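One structure below.
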Amino acid sequence: MEKIIQKLKEKGCKITPQRRAVIQSLLNFSKFPTALEVFNDIKATNPDVGLDTIYRNLNLLVEIGIVNSINLPGKDVKVFELSIDGHHHHLVCLSCGQADCLDYCPIDEQRLQTAAGSEFQITGHSLEIYGYCHKCKSAPK
């Protein structure tokens, strides 16, 4: 928690009780929660918190690189994870929605910038690779 708080301070962000609660909630989950799951987790101990507050804080944390947002196709849902160990990408199952970390970045930023040209300055990227997990791949159809 303190490492994340330090990152927030370095980015000039206030450390509000709601922001702490969102971070703590993300730390509590073993897999990637939705915003609604974070909301329900926090609401159990902070009944005055609103879902809009959760979304605002999650979006800010994504914007400054402390949280990753993972799109689950076909479900119109995002899940979130703390990005404590740095930049990485995800393997997402199209059947069950399971998302697993790809522990390195296969993107060469210099080549990507060259491909984008001088008229566009790349400041970051995210990548989700879609397919089927071992369980869904081998399940009878």
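The chains in the structure tokens are called A, B, ... from first to last as shown; in each chain the residues are counted from 1, and the ligands are counted from 1 in the order shown.
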Once DSSP has gone over the backbone, tell me which residues of region 26-105 of chain A are in helix (DSSP H, G or I), as a ChimeraX atom specification. /A:26-28,35-43,51-63
Considering only C-alpha atoms, return as a compact mmCIF listing (two decimals) with N, CA, C and O atoms, in the first residue's frame whatever protein or nucleic-acid residues lie within 6 Å of region 99-114 of chain A, sequence-local ones (same chain, fewer than 3 positions apart) excluded.
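Saved file selection29.txt follows:
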# COMPACT_ATOMS: atom_id res chain seq x y z
N HIS A 88 2.82 -4.48 -18.26
CA HIS A 88 2.68 -5.80 -18.85
C HIS A 88 1.34 -5.90 -19.57
O HIS A 88 0.56 -4.96 -19.55
N HIS A 89 1.07 -7.02 -20.17
CA HIS A 89 -0.16 -7.21 -20.95
C HIS A 89 -0.91 -8.44 -20.45
O HIS A 89 -0.49 -9.08 -19.49
N HIS A 90 -2.03 -8.78 -21.14
CA HIS A 90 -2.90 -9.83 -20.63
C HIS A 90 -3.37 -10.78 -21.72
O HIS A 90 -3.58 -10.38 -22.86
N LEU A 91 -3.56 -12.03 -21.30
CA LEU A 91 -4.18 -13.06 -22.12
C LEU A 91 -5.61 -13.19 -21.59
O LEU A 91 -5.81 -13.43 -20.39
N VAL A 92 -6.60 -13.00 -22.47
CA VAL A 92 -7.99 -12.98 -22.03
C VAL A 92 -8.76 -14.10 -22.73
O VAL A 92 -8.76 -14.19 -23.97
N GLY A 117 4.84 7.30 -37.11
CA GLY A 117 5.31 8.50 -37.80
C GLY A 117 5.52 9.67 -36.86
O GLY A 117 5.17 9.62 -35.68
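Proximity ranking of A:Leu58, A:Cys96, A:Cys136, A:Ala21 relative to Asn46 (chain A) places A:Ala21 first, based on only C-alpha atoms.
In this comparison, which uses only C-alpha atoms, the residue of A:Asn71, A:Asn40, A:Ser126, A:Gln18 approaching Arg56 (chain A) most closely is A:Gln18.
For chain A, backbone-based DSSP labels the following residues as strand (DSSP E or B): Val67, Asn68, Ser69, Ile70, Asn71, Leu72, Val77, Lys78, Val79, Phe80, Glu81, Leu82, His89, His90, Leu91, Val92, Cys93, Ala99, Asp100, Cys101, Leu102, Glu128, Ile129, Tyr130 and Gly131 of chain A.
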Expected file: the selected residues, N, CA, C and O atoms, as a tab-separated table (two decimals), in the first residue's frame:
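Saved as selection16.tsv:
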chain	number	residue	atom	x	y	z
A	67	VAL	N	-3.03	1.52	-12.02
A	67	VAL	CA	-3.99	0.44	-12.24
A	67	VAL	C	-4.09	0.16	-13.73
A	67	VAL	O	-4.03	1.09	-14.54
A	68	ASN	N	-4.21	-1.11	-14.08
A	68	ASN	CA	-4.47	-1.51	-15.46
A	68	ASN	C	-5.95	-1.81	-15.61
A	68	ASN	O	-6.57	-2.39	-14.72
A	69	SER	N	-6.50	-1.42	-16.75
A	69	SER	CA	-7.88	-1.72	-17.10
A	69	SER	C	-7.84	-2.77	-18.21
A	69	SER	O	-7.16	-2.58	-19.21
A	70	ILE	N	-8.57	-3.86	-18.03
A	70	ILE	CA	-8.57	-4.96	-18.99
A	70	ILE	C	-9.97	-5.12	-19.56
A	70	ILE	O	-10.94	-5.30	-18.81
A	71	ASN	N	-10.08	-5.02	-20.88
A	71	ASN	CA	-11.38	-5.17	-21.55
A	71	ASN	C	-11.71	-6.64	-21.74
A	71	ASN	O	-10.89	-7.39	-22.25
A	72	LEU	N	-12.92	-7.01	-21.35
A	72	LEU	CA	-13.39	-8.37	-21.58
A	72	LEU	C	-14.37	-8.31	-22.75
A	72	LEU	O	-15.46	-7.76	-22.63
A	77	VAL	N	-17.55	-5.24	-20.30
A	77	VAL	CA	-17.10	-5.08	-18.93
A	77	VAL	C	-15.59	-4.91	-18.92
A	77	VAL	O	-14.90	-5.47	-19.76
A	78	LYS	N	-15.11	-4.15	-17.95
A	78	LYS	CA	-13.68	-4.02	-17.71
A	78	LYS	C	-13.40	-4.59	-16.33
A	78	LYS	O	-14.22	-4.49	-15.42
A	79	VAL	N	-12.21	-5.15	-16.19
A	79	VAL	CA	-11.73	-5.55	-14.87
A	79	VAL	C	-10.45	-4.75	-14.61
A	79	VAL	O	-9.85	-4.21	-15.54
A	80	PHE	N	-10.07	-4.68	-13.36
A	80	PHE	CA	-8.96	-3.82	-12.97
A	80	PHE	C	-7.94	-4.59	-12.14
A	80	PHE	O	-8.28	-5.52	-11.43
A	81	GLU	N	-6.68	-4.17	-12.26
A	81	GLU	CA	-5.61	-4.74	-11.45
A	81	GLU	C	-4.62	-3.64	-11.11
A	81	GLU	O	-4.40	-2.72	-11.90
A	82	LEU	N	-4.03	-3.77	-9.94
A	82	LEU	CA	-2.95	-2.86	-9.57
A	82	LEU	C	-1.74	-3.18	-10.44
A	82	LEU	O	-1.44	-4.34	-10.70
A	89	HIS	N	1.07	-7.02	-20.17
A	89	HIS	CA	-0.16	-7.21	-20.95
A	89	HIS	C	-0.91	-8.44	-20.45
A	89	HIS	O	-0.49	-9.08	-19.49
A	90	HIS	N	-2.03	-8.78	-21.14
A	90	HIS	CA	-2.90	-9.83	-20.63
A	90	HIS	C	-3.37	-10.78	-21.72
A	90	HIS	O	-3.58	-10.38	-22.86
A	91	LEU	N	-3.56	-12.03	-21.30
A	91	LEU	CA	-4.18	-13.06	-22.12
A	91	LEU	C	-5.61	-13.19	-21.59
A	91	LEU	O	-5.81	-13.43	-20.39
A	92	VAL	N	-6.60	-13.00	-22.47
A	92	VAL	CA	-7.99	-12.98	-22.03
A	92	VAL	C	-8.76	-14.10	-22.73
A	92	VAL	O	-8.76	-14.19	-23.97
A	93	CYS	N	-9.45	-14.94	-21.94
A	93	CYS	CA	-10.24	-16.04	-22.50
A	93	CYS	C	-11.57	-15.50	-23.02
A	93	CYS	O	-12.30	-14.82	-22.29
A	99	ALA	N	-8.60	-13.57	-17.17
A	99	ALA	CA	-7.49	-12.77	-17.67
A	99	ALA	C	-6.23	-13.12	-16.88
A	99	ALA	O	-6.26	-13.15	-15.65
A	100	ASP	N	-5.17	-13.43	-17.59
A	100	ASP	CA	-3.89	-13.75	-16.97
A	100	ASP	C	-2.83	-12.79	-17.47
A	100	ASP	O	-2.90	-12.31	-18.61
A	101	CYS	N	-1.86	-12.55	-16.64
A	101	CYS	CA	-0.78	-11.62	-16.99
A	101	CYS	C	0.22	-12.27	-17.94
A	101	CYS	O	0.59	-13.42	-17.77
A	102	LEU	N	0.64	-11.49	-18.91
A	102	LEU	CA	1.78	-11.82	-19.75
A	102	LEU	C	2.90	-10.98	-19.12
A	102	LEU	O	2.86	-9.76	-19.17
A	128	GLU	N	-4.28	-6.55	-25.13
A	128	GLU	CA	-4.94	-7.74	-24.65
A	128	GLU	C	-4.91	-8.75	-25.77
A	128	GLU	O	-5.23	-8.42	-26.92
A	129	ILE	N	-4.50	-9.96	-25.46
A	129	ILE	CA	-4.45	-11.03	-26.45
A	129	ILE	C	-5.60	-11.97	-26.14
A	129	ILE	O	-5.72	-12.47	-25.01
A	130	TYR	N	-6.49	-12.18	-27.12
A	130	TYR	CA	-7.70	-12.96	-26.91
A	130	TYR	C	-7.55	-14.37	-27.46
A	130	TYR	O	-6.92	-14.59	-28.49
A	131	GLY	N	-8.13	-15.32	-26.77
A	131	GLY	CA	-8.12	-16.72	-27.18
A	131	GLY	C	-8.90	-17.52	-26.17
A	131	GLY	O	-9.85	-17.01	-25.56
Using only C-alpha atoms, which protein or nucleic acid residues come within 12 Å of Ile42 (chain A)? Drop anything in the same chain fewer than 2 positions from it, and give the result as a ChimeraX atom specification. /A:17-29,35-40,44-51,53-54
Produce a table with one row for each residue of region 56-132 of chain A that has an atom at most 10 Å from any atom of region 3-13 of chain A, each row naming the nearest atom pair and its distance in Å at one decimal; use only C-alpha atoms; arrange rows by chain and rising residue number; format as JSON lines.
{"residue": "A:Leu60", "atom": "CA", "partner": "A:Cys13", "partner_atom": "CA", "distance": 9.3}
{"residue": "A:Leu61", "atom": "CA", "partner": "A:Leu8", "partner_atom": "CA", "distance": 8.5}
{"residue": "A:Ile64", "atom": "CA", "partner": "A:Lys11", "partner_atom": "CA", "distance": 7.4}
{"residue": "A:Gly65", "atom": "CA", "partner": "A:Lys7", "partner_atom": "CA", "distance": 9.3}
{"residue": "A:Ile66", "atom": "CA", "partner": "A:Ile4", "partner_atom": "CA", "distance": 7.2}
{"residue": "A:Val67", "atom": "CA", "partner": "A:Ile4", "partner_atom": "CA", "distance": 9.9}
{"residue": "A:Leu82", "atom": "CA", "partner": "A:Ile4", "partner_atom": "CA", "distance": 8.9}
{"residue": "A:Ser83", "atom": "CA", "partner": "A:Ile4", "partner_atom": "CA", "distance": 9.2}
{"residue": "A:Ile84", "atom": "CA", "partner": "A:Ile4", "partner_atom": "CA", "distance": 7.4}
Serialized selection, C-alpha atoms, as an mmCIF file, in the first residue's frame:
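File part35.cif, as written:
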data_model
loop_
_atom_site.group_PDB
_atom_site.id
_atom_site.type_symbol
_atom_site.label_atom_id
_atom_site.label_comp_id
_atom_site.auth_asym_id
_atom_site.auth_seq_id
_atom_site.Cartn_x
_atom_site.Cartn_y
_atom_site.Cartn_z
ATOM 1 C CA LEU A 60 -7.615 8.332 -12.317
ATOM 2 C CA LEU A 61 -5.492 5.387 -11.159
ATOM 3 C CA ILE A 64 -1.560 7.700 -13.992
ATOM 4 C CA GLY A 65 -0.468 4.091 -14.505
ATOM 5 C CA ILE A 66 -1.106 2.629 -11.066
ATOM 6 C CA VAL A 67 -3.990 0.437 -12.241
ATOM 7 C CA LEU A 82 -2.947 -2.858 -9.574
ATOM 8 C CA SER A 83 0.122 -2.319 -11.715
ATOM 9 C CA ILE A 84 2.663 -2.660 -8.932
#
